[in-house]
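Here is the file protein_6.tsv (TSV, C-alpha atoms and all ligand atoms).
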```tsv
chain	number	residue	atom	x	y	z
L	1	MET	CA	-21.11	-4.81	-110.44
L	2	ALA	CA	-17.47	-5.10	-109.44
L	3	ILE	CA	-15.78	-8.28	-110.64
L	4	ASP	CA	-14.22	-10.76	-108.22
L	5	LYS	CA	-12.40	-13.13	-110.58
L	6	VAL	CA	-10.55	-13.26	-113.90
L	7	PRO	CA	-10.01	-16.52	-115.79
L	8	PHE	CA	-6.60	-17.33	-117.23
L	9	ILE	CA	-8.29	-17.78	-120.56
L	10	THR	CA	-11.82	-17.90	-121.92
L	11	LEU	CA	-12.82	-18.74	-125.46
L	12	ASN	CA	-16.30	-17.40	-125.00
L	13	ARG	CA	-15.88	-13.77	-126.07
L	14	PHE	CA	-17.37	-13.85	-129.52
L	15	GLU	CA	-18.14	-10.75	-131.54
L	16	ASN	CA	-21.78	-9.70	-131.97
L	17	GLY	CA	-23.38	-11.92	-134.58
L	18	PHE	CA	-20.40	-14.32	-134.79
L	19	LYS	CA	-22.23	-17.41	-133.57
L	20	GLU	CA	-25.36	-16.74	-135.62
L	21	ASN	CA	-23.41	-16.17	-138.83
L	22	PHE	CA	-21.28	-19.25	-138.26
L	23	LEU	CA	-24.26	-21.47	-137.46
L	24	ASN	CA	-26.09	-20.30	-140.58
L	25	ASP	CA	-23.11	-21.35	-142.65
L	26	VAL	CA	-22.97	-24.70	-140.84
L	27	THR	CA	-26.51	-25.39	-142.01
L	28	ASP	CA	-25.39	-24.61	-145.52
L	29	LEU	CA	-22.34	-26.87	-145.16
L	30	VAL	CA	-24.45	-29.78	-143.91
L	31	ASN	CA	-27.00	-29.27	-146.68
L	32	ASN	CA	-24.20	-29.40	-149.24
L	33	THR	CA	-22.42	-32.30	-147.43
L	34	GLN	CA	-19.07	-30.66	-148.08
L	35	PHE	CA	-17.35	-32.24	-145.10
L	36	VAL	CA	-13.75	-32.68	-146.26
L	37	GLY	CA	-12.00	-30.34	-148.68
L	38	GLY	CA	-14.16	-28.14	-150.89
L	39	PRO	CA	-14.63	-24.38	-151.10
L	40	ARG	CA	-14.37	-23.66	-147.35
L	41	VAL	CA	-10.88	-25.14	-147.18
L	42	ALA	CA	-9.79	-23.41	-150.40
L	43	GLU	CA	-11.09	-20.10	-149.04
L	44	LEU	CA	-9.24	-20.59	-145.76
L	45	GLU	CA	-5.95	-21.41	-147.46
L	46	GLU	CA	-6.26	-18.38	-149.71
L	47	ARG	CA	-7.05	-16.05	-146.83
L	48	LEU	CA	-4.21	-17.46	-144.74
L	49	SER	CA	-1.86	-16.91	-147.64
L	50	LYS	CA	-2.94	-13.27	-147.95
L	51	LYS	CA	-2.71	-12.66	-144.22
L	52	SER	CA	0.66	-14.36	-143.71
L	53	GLY	CA	2.31	-13.34	-146.96
L	54	ALA	CA	3.26	-16.98	-147.67
L	55	LYS	CA	2.54	-17.91	-151.28
L	56	TYR	CA	1.28	-21.39	-150.42
L	57	VAL	CA	-0.69	-22.57	-147.42
L	58	VAL	CA	-1.84	-26.14	-146.82
L	59	GLY	CA	-4.37	-26.82	-144.07
L	60	CYS	CA	-3.87	-29.96	-141.98
L	61	ALA	CA	-5.21	-31.79	-138.95
L	62	ASN	CA	-3.27	-30.03	-136.17
L	63	GLY	CA	-0.08	-28.14	-135.36
L	64	THR	CA	1.92	-31.25	-134.51
L	65	ASP	CA	1.12	-32.81	-137.87
L	66	ALA	CA	2.06	-29.51	-139.51
L	67	ILE	CA	5.61	-29.83	-138.12
L	68	GLN	CA	5.77	-33.50	-139.13
L	69	LEU	CA	4.58	-32.65	-142.64
L	70	ALA	CA	7.22	-29.91	-142.88
L	71	LEU	CA	9.97	-32.27	-141.67
L	72	ARG	CA	8.94	-35.02	-144.09
L	73	ALA	CA	8.44	-32.66	-147.04
L	74	THR	CA	11.89	-31.14	-146.60
L	75	GLY	CA	13.43	-34.62	-146.61
L	76	VAL	CA	14.29	-35.11	-142.95
L	77	ASP	CA	14.80	-38.83	-142.62
L	78	ARG	CA	15.29	-41.56	-140.06
L	79	ASP	CA	18.04	-41.02	-137.50
L	80	GLU	CA	18.93	-37.59	-138.86
L	81	LYS	CA	19.75	-34.96	-136.29
L	82	VAL	CA	17.25	-32.18	-135.67
L	83	LEU	CA	17.94	-29.28	-133.30
L	84	ILE	CA	15.02	-28.08	-131.21
L	85	PRO	CA	14.90	-25.45	-128.47
L	86	ASP	CA	14.83	-26.81	-124.93
L	87	MET	CA	12.01	-24.38	-124.10
L	88	THR	CA	8.98	-25.17	-126.24
L	89	PHE	CA	5.80	-27.22	-126.12
L	90	TRP	CA	6.44	-30.96	-126.18
L	91	ALA	CA	4.87	-31.31	-129.66
L	92	THR	CA	8.07	-29.92	-131.22
L	93	PHE	CA	10.08	-32.76	-129.69
L	94	GLU	CA	7.40	-35.32	-130.56
L	95	ALA	CA	7.29	-34.22	-134.20
L	96	ALA	CA	11.01	-34.89	-134.66
L	97	VAL	CA	10.68	-38.31	-133.00
L	98	ASN	CA	7.55	-39.23	-134.95
L	99	VAL	CA	9.30	-38.79	-138.30
L	100	GLY	CA	12.07	-41.06	-137.05
L	101	ALA	CA	14.64	-38.29	-136.59
L	102	THR	CA	16.79	-37.69	-133.52
L	103	PRO	CA	16.03	-34.51	-131.56
L	104	ILE	CA	18.90	-32.66	-129.93
L	105	THR	CA	17.86	-29.90	-127.56
L	106	VAL	CA	19.62	-26.54	-127.52
L	107	ASP	CA	19.22	-24.03	-124.71
L	108	VAL	CA	17.50	-20.67	-125.22
L	109	ASN	CA	18.39	-17.13	-124.25
L	110	ARG	CA	17.30	-16.28	-120.70
L	111	GLU	CA	15.95	-12.82	-121.63
L	112	THR	CA	14.09	-13.57	-124.86
L	113	CYS	CA	13.27	-17.25	-124.09
L	114	HIS	CA	14.25	-17.98	-127.73
L	115	TRP	CA	17.39	-19.06	-129.51
L	116	ASP	CA	19.92	-16.32	-130.01
L	117	PHE	CA	22.27	-16.30	-132.96
L	118	GLU	CA	25.44	-17.26	-131.05
L	119	THR	CA	23.82	-20.29	-129.40
L	120	PHE	CA	22.31	-21.42	-132.67
L	121	LYS	CA	25.58	-21.00	-134.56
L	122	GLU	CA	27.58	-22.91	-131.97
L	123	ALA	CA	25.03	-25.73	-131.97
L	124	VAL	CA	25.06	-25.99	-135.77
L	125	ASP	CA	28.87	-25.95	-135.86
L	126	LYS	CA	29.11	-28.62	-133.18
L	127	ILE	CA	26.30	-30.98	-134.22
L	128	ASN	CA	26.12	-30.48	-138.00
L	129	PRO	CA	22.39	-31.30	-138.00
L	130	LYS	CA	20.21	-32.07	-141.00
L	131	ALA	CA	17.53	-29.69	-139.74
L	132	ALA	CA	16.49	-27.37	-136.96
L	133	VAL	CA	13.05	-26.40	-135.72
L	134	MET	CA	13.07	-22.79	-134.55
L	135	VAL	CA	10.07	-22.14	-132.30
L	136	HIS	CA	8.43	-18.71	-132.03
L	137	LEU	CA	7.14	-19.09	-128.52
L	138	TYR	CA	4.74	-16.91	-126.51
L	139	GLY	CA	3.68	-14.80	-129.49
L	140	TRP	CA	6.99	-13.20	-130.26
L	141	ALA	CA	10.14	-14.36	-132.02
L	142	SER	CA	13.88	-14.26	-131.59
L	143	PRO	CA	15.30	-10.83	-132.48
L	144	ASP	CA	17.97	-12.86	-134.32
L	145	THR	CA	15.44	-14.66	-136.53
L	146	THR	CA	16.86	-13.30	-139.79
L	147	LYS	CA	20.47	-14.06	-138.81
L	148	ILE	CA	19.48	-17.58	-137.78
L	149	ARG	CA	17.70	-18.11	-141.12
L	150	ASN	CA	20.72	-16.86	-143.05
L	151	TYR	CA	23.16	-19.03	-141.13
L	152	ALA	CA	20.98	-22.12	-141.58
L	153	LYS	CA	20.92	-21.44	-145.33
L	154	GLU	CA	24.68	-20.91	-145.45
L	155	LYS	CA	25.26	-24.23	-143.67
L	156	SER	CA	22.54	-26.12	-145.63
L	157	VAL	CA	20.59	-26.81	-142.46
L	158	ILE	CA	16.87	-27.14	-143.19
L	159	LEU	CA	15.15	-24.58	-140.98
L	160	ILE	CA	11.56	-25.31	-140.08
L	161	GLU	CA	9.74	-22.68	-138.05
L	162	ASP	CA	7.16	-23.81	-135.52
L	163	GLY	CA	4.80	-20.85	-135.45
L	164	ALA	CA	2.01	-22.48	-133.45
L	165	GLN	CA	1.98	-19.44	-131.18
L	166	CYS	CA	2.98	-16.67	-133.60
L	167	PHE	CA	0.14	-16.08	-136.04
L	168	GLY	CA	0.28	-12.34	-136.78
L	169	THR	CA	3.80	-11.83	-135.38
L	170	LYS	CA	6.31	-9.81	-137.40
L	171	VAL	CA	10.11	-9.62	-137.40
L	172	ASP	CA	11.80	-6.64	-139.03
L	173	GLY	CA	8.34	-5.57	-140.20
L	174	LYS	CA	7.67	-8.84	-142.03
L	175	SER	CA	5.34	-11.73	-141.24
L	176	VAL	CA	7.25	-14.52	-139.50
L	177	LEU	CA	5.14	-17.25	-141.07
L	178	GLY	CA	5.49	-15.76	-144.54
L	179	GLU	CA	9.25	-15.25	-144.55
L	180	ALA	CA	10.31	-18.74	-143.46
L	181	LEU	CA	11.51	-21.48	-145.78
L	182	ILE	CA	8.66	-23.46	-144.30
L	183	SER	CA	6.62	-22.65	-141.22
L	184	THR	CA	3.74	-24.20	-139.36
L	185	THR	CA	0.93	-23.19	-137.08
L	186	SER	CA	-1.68	-24.67	-134.81
L	187	PHE	CA	-5.31	-23.64	-134.69
L	188	TYR	CA	-5.89	-25.32	-131.34
L	189	PRO	CA	-8.82	-23.34	-129.85
L	190	ALA	CA	-6.65	-21.43	-127.35
L	191	LYS	CA	-4.38	-20.02	-130.06
L	192	VAL	CA	-4.81	-16.45	-131.35
L	193	LEU	CA	-6.50	-17.89	-134.42
L	194	GLY	CA	-8.26	-20.84	-132.85
L	195	ALA	CA	-10.59	-23.38	-134.43
L	196	SER	CA	-13.50	-25.07	-132.67
L	197	GLY	CA	-11.48	-28.29	-132.59
L	198	ASP	CA	-8.04	-29.36	-133.82
L	199	ALA	CA	-6.50	-27.95	-136.98
L	200	GLY	CA	-3.20	-26.63	-138.30
L	201	ALA	CA	-1.45	-25.35	-141.41
L	202	VAL	CA	1.88	-25.32	-143.23
L	203	PHE	CA	3.17	-22.13	-144.94
L	204	THR	CA	5.84	-21.84	-147.61
L	205	ASN	CA	6.84	-19.84	-150.67
L	206	ASP	CA	8.17	-22.96	-152.38
L	207	GLU	CA	5.66	-24.54	-154.75
L	208	GLU	CA	7.29	-27.99	-154.72
L	209	LEU	CA	7.38	-28.12	-150.93
L	210	ALA	CA	3.72	-27.09	-150.79
L	211	LYS	CA	2.80	-29.85	-153.26
L	212	THR	CA	4.68	-32.44	-151.24
L	213	VAL	CA	3.05	-31.32	-147.99
L	214	ARG	CA	-0.39	-31.64	-149.60
L	215	ILE	CA	0.40	-35.11	-150.95
L	216	LEU	CA	1.83	-36.33	-147.62
L	217	GLY	CA	-1.20	-35.09	-145.71
L	218	ASN	CA	-3.58	-36.85	-148.07
L	219	HIS	CA	-2.34	-40.47	-147.94
L	220	GLY	CA	0.55	-39.83	-150.28
L	221	ARG	CA	-1.98	-39.43	-153.12
L	222	THR	CA	-0.65	-38.41	-156.49
L	223	ASP	CA	-4.05	-39.30	-157.93
L	224	HIS	CA	-7.20	-40.55	-156.19
L	225	TYR	CA	-5.96	-44.15	-155.98
L	226	SER	CA	-2.32	-43.63	-156.91
L	227	HIS	CA	0.06	-43.22	-154.02
L	228	GLY	CA	3.44	-41.75	-154.87
L	229	LEU	CA	4.43	-41.31	-151.23
L	230	VAL	CA	3.63	-42.86	-147.91
L	231	GLY	CA	1.94	-40.14	-145.95
L	232	TRP	CA	-1.08	-40.24	-143.69
L	233	ASN	CA	-4.44	-38.56	-143.29
L	234	SER	CA	-3.89	-35.06	-141.99
L	235	ARG	CA	-6.64	-33.23	-143.82
L	236	ILE	CA	-8.40	-30.28	-142.27
L	237	GLY	CA	-12.20	-30.66	-142.01
L	238	SER	CA	-14.53	-28.20	-143.75
L	239	TYR	CA	-16.28	-27.42	-140.48
L	240	GLU	CA	-13.02	-26.20	-138.92
L	241	ALA	CA	-12.15	-24.29	-142.09
L	242	LEU	CA	-15.54	-22.59	-141.94
L	243	PHE	CA	-15.10	-21.63	-138.29
L	244	LEU	CA	-11.60	-20.28	-139.00
L	245	ASN	CA	-12.88	-18.23	-141.94
L	246	HIS	CA	-15.35	-16.55	-139.60
L	247	CYS	CA	-12.57	-15.94	-137.07
L	248	LEU	CA	-10.41	-14.37	-139.78
L	249	ASP	CA	-13.13	-11.72	-140.24
L	250	HIS	CA	-12.21	-10.48	-136.76
L	251	ILE	CA	-8.57	-11.42	-136.39
L	252	ASP	CA	-7.20	-7.86	-136.37
L	253	ALA	CA	-9.50	-6.78	-133.53
L	254	ARG	CA	-8.65	-9.94	-131.58
L	255	LEU	CA	-4.91	-9.37	-132.00
L	256	ASP	CA	-5.22	-5.69	-131.03
L	257	SER	CA	-7.06	-6.55	-127.85
L	258	ARG	CA	-4.41	-9.12	-126.84
L	259	ARG	CA	-1.58	-6.72	-127.61
L	260	GLU	CA	-3.28	-4.02	-125.54
L	261	ALA	CA	-3.51	-6.44	-122.60
L	262	VAL	CA	0.21	-7.22	-122.69
L	263	LYS	CA	1.03	-3.51	-122.98
L	264	PHE	CA	-1.20	-2.68	-120.03
L	265	TYR	CA	0.47	-5.30	-117.80
L	266	ASN	CA	3.88	-4.08	-118.91
L	267	GLU	CA	3.11	-0.46	-118.02
L	268	GLN	CA	1.17	-1.09	-114.83
L	269	LEU	CA	3.47	-3.68	-113.30
L	270	ALA	CA	6.72	-1.84	-114.00
L	271	GLY	CA	8.98	-1.56	-110.97
L	272	LEU	CA	7.63	-4.63	-109.19
L	273	PRO	CA	9.74	-7.73	-108.53
L	274	LEU	CA	8.22	-9.41	-111.58
L	275	LYS	CA	9.03	-8.41	-115.13
L	276	VAL	CA	6.52	-8.60	-117.94
L	277	VAL	CA	8.51	-9.75	-120.93
L	278	THR	CA	7.83	-7.84	-124.12
L	279	SER	CA	9.25	-8.49	-127.53
L	280	SER	CA	12.50	-6.95	-128.76
L	281	ASP	CA	12.47	-3.72	-130.81
L	282	ASN	CA	12.51	-5.47	-134.19
L	283	VAL	CA	9.66	-7.86	-133.26
L	284	ASP	CA	5.90	-7.08	-133.25
L	285	GLU	CA	4.28	-9.62	-130.99
L	286	ASN	CA	0.74	-10.94	-131.35
L	287	GLY	CA	-0.27	-10.91	-127.66
L	288	TYR	CA	-0.63	-14.69	-127.48
L	289	SER	CA	0.56	-14.79	-123.90
L	290	ALA	CA	1.28	-12.26	-121.14
L	291	VAL	CA	4.55	-13.67	-119.86
L	292	ALA	CA	6.11	-12.44	-116.64
L	293	MET	CA	9.36	-13.61	-115.05
L	294	ILE	CA	9.82	-13.68	-111.31
L	295	ASP	CA	12.52	-14.97	-108.98
L	296	PRO	CA	11.60	-18.67	-108.62
L	297	ASN	CA	11.78	-18.28	-104.83
L	298	LEU	CA	9.00	-15.67	-104.97
L	299	ARG	CA	6.74	-17.38	-107.51
L	300	GLY	CA	4.92	-19.75	-105.14
L	301	ASP	CA	3.74	-16.96	-102.79
L	302	LEU	CA	2.52	-14.81	-105.68
L	303	ILE	CA	0.64	-17.81	-107.07
L	304	ASP	CA	-1.02	-18.28	-103.66
L	305	THR	CA	-2.17	-14.64	-103.72
L	306	LEU	CA	-3.51	-14.98	-107.27
L	307	LYS	CA	-5.40	-18.11	-106.25
L	308	SER	CA	-6.87	-16.39	-103.19
L	309	LYS	CA	-8.14	-13.58	-105.45
L	310	ASN	CA	-9.46	-15.92	-108.14
L	311	VAL	CA	-7.00	-14.75	-110.77
L	312	GLY	CA	-6.16	-17.46	-113.28
L	313	PHE	CA	-2.51	-17.95	-114.24
L	314	GLY	CA	-0.19	-20.34	-116.07
L	315	THR	CA	3.36	-21.61	-115.68
L	316	ILE	CA	4.01	-22.30	-119.34
L	317	TYR	CA	6.10	-24.39	-119.58
L	318	PRO	CA	7.01	-25.90	-116.21
L	319	GLY	CA	9.85	-28.11	-117.50
L	320	ALA	CA	12.55	-28.09	-120.17
L	321	MET	CA	12.14	-30.63	-122.99
L	322	SER	CA	15.40	-32.42	-122.17
L	323	LEU	CA	14.13	-33.05	-118.63
L	324	GLN	CA	10.87	-34.74	-119.64
L	325	SER	CA	10.86	-38.45	-118.81
L	326	GLY	CA	9.51	-39.15	-122.29
L	327	ALA	CA	12.68	-37.67	-123.79
L	328	ASP	CA	15.06	-40.25	-122.31
L	329	LYS	CA	14.54	-42.89	-124.97
L	330	TYR	CA	14.84	-40.54	-127.95
L	331	ILE	CA	17.04	-37.56	-127.18
L	332	GLY	CA	20.27	-37.56	-129.17
L	333	GLY	CA	22.02	-35.05	-126.92
L	334	LYS	CA	21.55	-31.63	-125.42
L	335	ILE	CA	23.47	-28.40	-125.43
L	336	ASP	CA	23.09	-26.91	-121.98
L	337	ASN	CA	19.65	-26.51	-120.45
L	338	SER	CA	20.29	-24.05	-117.67
L	339	ASN	CA	18.29	-21.14	-119.12
L	340	ALA	CA	15.36	-23.33	-120.14
L	341	ASP	CA	15.39	-24.84	-116.66
L	342	TYR	CA	15.49	-21.38	-115.07
L	343	ILE	CA	12.66	-20.05	-117.27
L	344	SER	CA	10.48	-23.03	-116.42
L	345	LYS	CA	10.79	-22.12	-112.72
L	346	ALA	CA	10.50	-18.34	-113.18
L	347	VAL	CA	7.71	-18.00	-115.74
L	348	LEU	CA	4.26	-16.83	-114.74
L	349	ASN	CA	1.60	-16.24	-117.38
L	350	LEU	CA	-1.13	-13.73	-116.56
L	351	PRO	CA	-4.70	-13.77	-117.93
L	352	CYS	CA	-4.67	-12.86	-121.60
L	353	PHE	CA	-7.33	-13.49	-124.20
L	354	ALA	CA	-9.19	-11.62	-126.91
L	355	TYR	CA	-11.52	-8.95	-125.52
L	356	ILE	CA	-10.30	-9.15	-121.93
L	357	THR	CA	-11.80	-5.99	-120.42
L	358	LYS	CA	-10.01	-3.01	-118.84
L	359	GLU	CA	-11.78	-3.92	-115.59
L	360	GLU	CA	-10.41	-7.45	-115.69
L	361	LEU	CA	-6.91	-6.24	-116.47
L	362	GLN	CA	-7.10	-3.75	-113.60
L	363	TYR	CA	-8.30	-6.52	-111.26
L	364	VAL	CA	-5.25	-8.63	-112.15
L	365	VAL	CA	-2.89	-5.68	-111.75
L	366	ASP	CA	-4.41	-4.79	-108.36
L	367	ALA	CA	-4.06	-8.40	-107.21
L	368	VAL	CA	-0.36	-8.49	-108.16
L	369	LYS	CA	0.32	-5.05	-106.64
L	370	SER	CA	-1.47	-5.93	-103.41
L	371	HIS	CA	0.82	-8.94	-103.08
L	372	PHE	CA	4.01	-6.89	-103.24
L	373	ASN	CA	2.73	-3.89	-101.32
L	374	LYS	CA	1.37	-5.73	-98.33
R	401	LIG	C1	4.91	-24.35	-129.86
R	401	LIG	C2	3.87	-25.38	-130.24
R	401	LIG	N1	4.17	-26.30	-131.17
R	401	LIG	C3	3.28	-27.22	-131.55
R	401	LIG	C4	2.02	-27.27	-131.01
R	401	LIG	C5	1.11	-28.37	-131.41
R	401	LIG	O1	-0.10	-27.97	-131.93
R	401	LIG	P1	-1.37	-28.92	-131.88
R	401	LIG	O2	-1.81	-28.99	-130.45
R	401	LIG	O3	-2.37	-28.24	-132.76
R	401	LIG	O4	-0.97	-30.24	-132.39
R	401	LIG	C6	1.64	-26.34	-130.06
R	401	LIG	C7	0.29	-26.37	-129.49
R	401	LIG	O5	0.02	-26.05	-128.37
R	401	LIG	C8	2.58	-25.37	-129.64
R	401	LIG	O6	2.29	-24.44	-128.74
```

Would you mind giving the structure from this file in structure tokens?
Amino acid sequence: MAIDKVPFITLNRFENGFKENFLNDVTDLVNNTQFVGGPRVAELEERLSKKSGAKYVVGCANGTDAIQLALRATGVDRDEKVLIPDMTFWATFEAAVNVGATPITVDVNRETCHWDFETFKEAVDKINPKAAVMVHLYGWASPDTTKIRNYAKEKSVILIEDGAQCFGTKVDGKSVLGEALISTTSFYPAKVLGASGDAGAVFTNDEELAKTVRILGNHGRTDHYSHGLVGWNSRIGSYEALFLNHCLDHIDARLDSRREAVKFYNEQLAGLPLKVVTSSDNVDENGYSAVAMIDPNLRGDLIDTLKSKNVGFGTIYPGAMSLQSGADKYIGGKIDNSNADYISKAVLNLPCFAYITKEELQYVVDAVKSHFNK
């Protein structure tokens, strides 16, 4: 039967046997009452380490906590300046504020939607920040990632990499999460590696940093009732670890299917007044989001057509960080916001999820084409 709708996202495309295998292991977990910590969490951290190339991985409660743990572990303190991109999810801004630091937003490149080297360099030279949080948005990364890392090192700026959306992404052939000084991810269910609730992780090659992250996320514990630091409870539950371990069995197939979707949109929609953004030559994206850019004056009408044809869509994100009302009280300054503002008005995300079918992709493409060819 021909389809007549495509959701923006669905989480309900599990592999054959996935649910049954997971539920069997849940029974085992409940019988063993291994609810926090234990072998499921250790297995997850080990597998994440192998997959990302980072020597140490520490699971935590969510992706926002992961950034906060990374900021605290690297010594970012009260009132210290932290650069963040003006185009990101609000959690990046929140994380800086929640550790008591002062976020300063820096505009992104209009083409890549990420920081470019020149902008980053100018911001560092002007602000002299303690730290910067580089965000790998939409499933790709800045083509200048390595240059940005090197410059941060040269200037002793702590560079934290928010990889909530970039699990599986590579720059210059190397895992983004594994090559950072310290990087973070979110396992929010809609992510490419999504849990069945909230979870996150911190990645690093530095043993001391990994130790500090683990202590901070476990009530500052240096022993069961000895507290060498003031942290908080940001432990990952065993149930989420178990679910993620089952997802990791299929992660390559899930990533391939997402990447295929983005490629299909890119090929099929070429030449229309909307441009599907793909990653730069030195970046392998993970297919987290199918991002298109369209003249903001044309976006509303296209959205109306998509709605009339029951095609789900997103406008992620519809506002720059520096323009959020919640930023007023905390923002320590901003360096331009014109590109972030433009992107927020021009971005249109098309349906993209693991195992989206060829039929569904064709339905979306036909809907977009019919809009421009009418
Ligand atoms: C770029 C970015 N940073 C941080 C987060 C926060 O992750 P969480 O929702 O797991 O706290 C997200 C989640 O959507 C994100 O996309």

- Of the residues L:Gly231, L:Gly59, L:Gly300, L:Gly312, which is the one nearest to Ala210 of chain L, using all atoms listed in the file? L:Gly59

- Message: To check your reading of the model: which residues sit at most 10 Å from ligand LIG 401 (chain R) when counting only C-alpha atoms and all ligand atoms? Write the answer as a ChimeraX atom specification.
- Response: /L:60-67,87-95,133-139,161-166,184-191,194-195,197-201,316-317

- Long-range neighbours of Gln268 of chain L as a PyMOL selection string, 12 Å cut-off, only C-alpha atoms, 4 positions minimum in chain: chain L and resi 260-264+272+274-276+361-369

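Taking only C-alpha atoms into account, the protein, DNA and RNA residues within 9 Å of (-13.3, -14.3, -112.2) read Ile3, Asp4, Lys5, Val6, Pro7, Phe8, Lys309, Asn310, Val311, Gly312 and Glu360 of chain L.
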
- Task: For Cys113 of chain L, list every protein, DNA or RNA residue within 12 Å, evaluated using all atoms listed in the file, and leave out those in the same chain fewer than 4 positions away; present the list as a PyMOL selection string.
- Result: chain L and resi 85-88+106-109+134-143+277-280+291-293+316-317+320+337-344+346-347

- Query: Between L:Val41, L:Ala152, L:Ala241, L:Val157, which is the closest to Glu80 of chain L once you count all atoms listed in the file?
  - Reply: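 Ranking L:Val41, L:Ala152, L:Ala241, L:Val157 by distance to Glu80 of chain L, first place goes to L:Val157.
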
- Query: Rounded to one decimal in Å, what is the spacing between atom CA of Arg258 of chain L and atom CA of Ala354 of chain L?
  - Reply: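 Those two atoms sit 5.4 Å apart.
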
- Interatomic distance between atom CA of Arg72 of chain L and atom CA of Thr212 of chain L? 8.7 Å

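Considering the residues L:Gly217, L:Asp304, L:Thr33, L:Lys174 and counting all atoms listed in the file, Gln68 of chain L has its shortest atom-to-atom contact with L:Gly217.
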
- Message: Tell me which residues come within 10 Å of (22.4, -25.0, -132.4), as a VMD selection string, counting only C-alpha atoms in the file's coordinates.
- Response: chain L and resid 82 to 85 104 to 108 115 to 129 131 to 132 134 148 152 334 to 335

Give me a file of those residues, with C-alpha atoms, as a CSV table (one decimal), in the frame of the given file.
```csv
chain,number,residue,atom,x,y,z
L,82,VAL,CA,17.2,-32.2,-135.7
L,83,LEU,CA,17.9,-29.3,-133.3
L,84,ILE,CA,15.0,-28.1,-131.2
L,85,PRO,CA,14.9,-25.4,-128.5
L,104,ILE,CA,18.9,-32.7,-129.9
L,105,THR,CA,17.9,-29.9,-127.6
L,106,VAL,CA,19.6,-26.5,-127.5
L,107,ASP,CA,19.2,-24.0,-124.7
L,108,VAL,CA,17.5,-20.7,-125.2
L,115,TRP,CA,17.4,-19.1,-129.5
L,116,ASP,CA,19.9,-16.3,-130.0
L,117,PHE,CA,22.3,-16.3,-133.0
L,118,GLU,CA,25.4,-17.3,-131.0
L,119,THR,CA,23.8,-20.3,-129.4
L,120,PHE,CA,22.3,-21.4,-132.7
L,121,LYS,CA,25.6,-21.0,-134.6
L,122,GLU,CA,27.6,-22.9,-132.0
L,123,ALA,CA,25.0,-25.7,-132.0
L,124,VAL,CA,25.1,-26.0,-135.8
L,125,ASP,CA,28.9,-26.0,-135.9
L,126,LYS,CA,29.1,-28.6,-133.2
L,127,ILE,CA,26.3,-31.0,-134.2
L,128,ASN,CA,26.1,-30.5,-138.0
L,129,PRO,CA,22.4,-31.3,-138.0
L,131,ALA,CA,17.5,-29.7,-139.7
L,132,ALA,CA,16.5,-27.4,-137.0
L,134,MET,CA,13.1,-22.8,-134.6
L,148,ILE,CA,19.5,-17.6,-137.8
L,152,ALA,CA,21.0,-22.1,-141.6
L,334,LYS,CA,21.6,-31.6,-125.4
L,335,ILE,CA,23.5,-28.4,-125.4
```

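Here atom CA of Gly237 of chain L is placed at a distance of 22.2 Å from atom CA of Ile182 of chain L.
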
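Compared by their closest atoms to Gly38 of chain L, and using only C-alpha atoms, the residues L:Ser238, L:Asn205, L:Thr357, L:Asn266 rank with L:Ser238 nearest.
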
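Using all atoms listed in the file, the shortest contact distance between Asn98 of chain L and any of L:Leu44, L:Arg110, L:Leu298, L:Arg78 is found at L:Arg78.
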
- Message: Here is a test: counting all atoms listed in the file, which residue of L:Asn286, L:Asn218, L:Thr169, L:Asn373 is nearest to Gly37 of chain L?
- Response: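 Going through L:Asn286, L:Asn218, L:Thr169, L:Asn373 one by one, the smallest distance to Gly37 of chain L is for L:Asn218.
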
Edge lengths and centre, in Å to one decimal, as lines of an AutoDock Vina configuration file: that's what I need for the box along x, y and z that holds all listed atoms of segment 176-190 of chain L plus 3 Å on each side.
```
center_x = 1.3
center_y = -19.9
center_z = -136.6
size_x = 26.3
size_y = 16.8
size_z = 24.4
```

- Task: Do a neighbour search on Leu248 of chain L at 9 Å with only C-alpha atoms, toss out local chain neighbours closer than 4 positions, and write the hits as a ChimeraX atom specification.
- Result: /L:44,47-48,193,243-244,252

- Task: For Val26 of chain L, work out the shell of residues within 9 Å, counting only C-alpha atoms and skipping chain neighbours fewer than 5 positions away, then give it as a list in words.
- Result: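 Within the cut-off, the hits are Asn21, Asn31, Tyr239, Leu242 and Phe243 of chain L.
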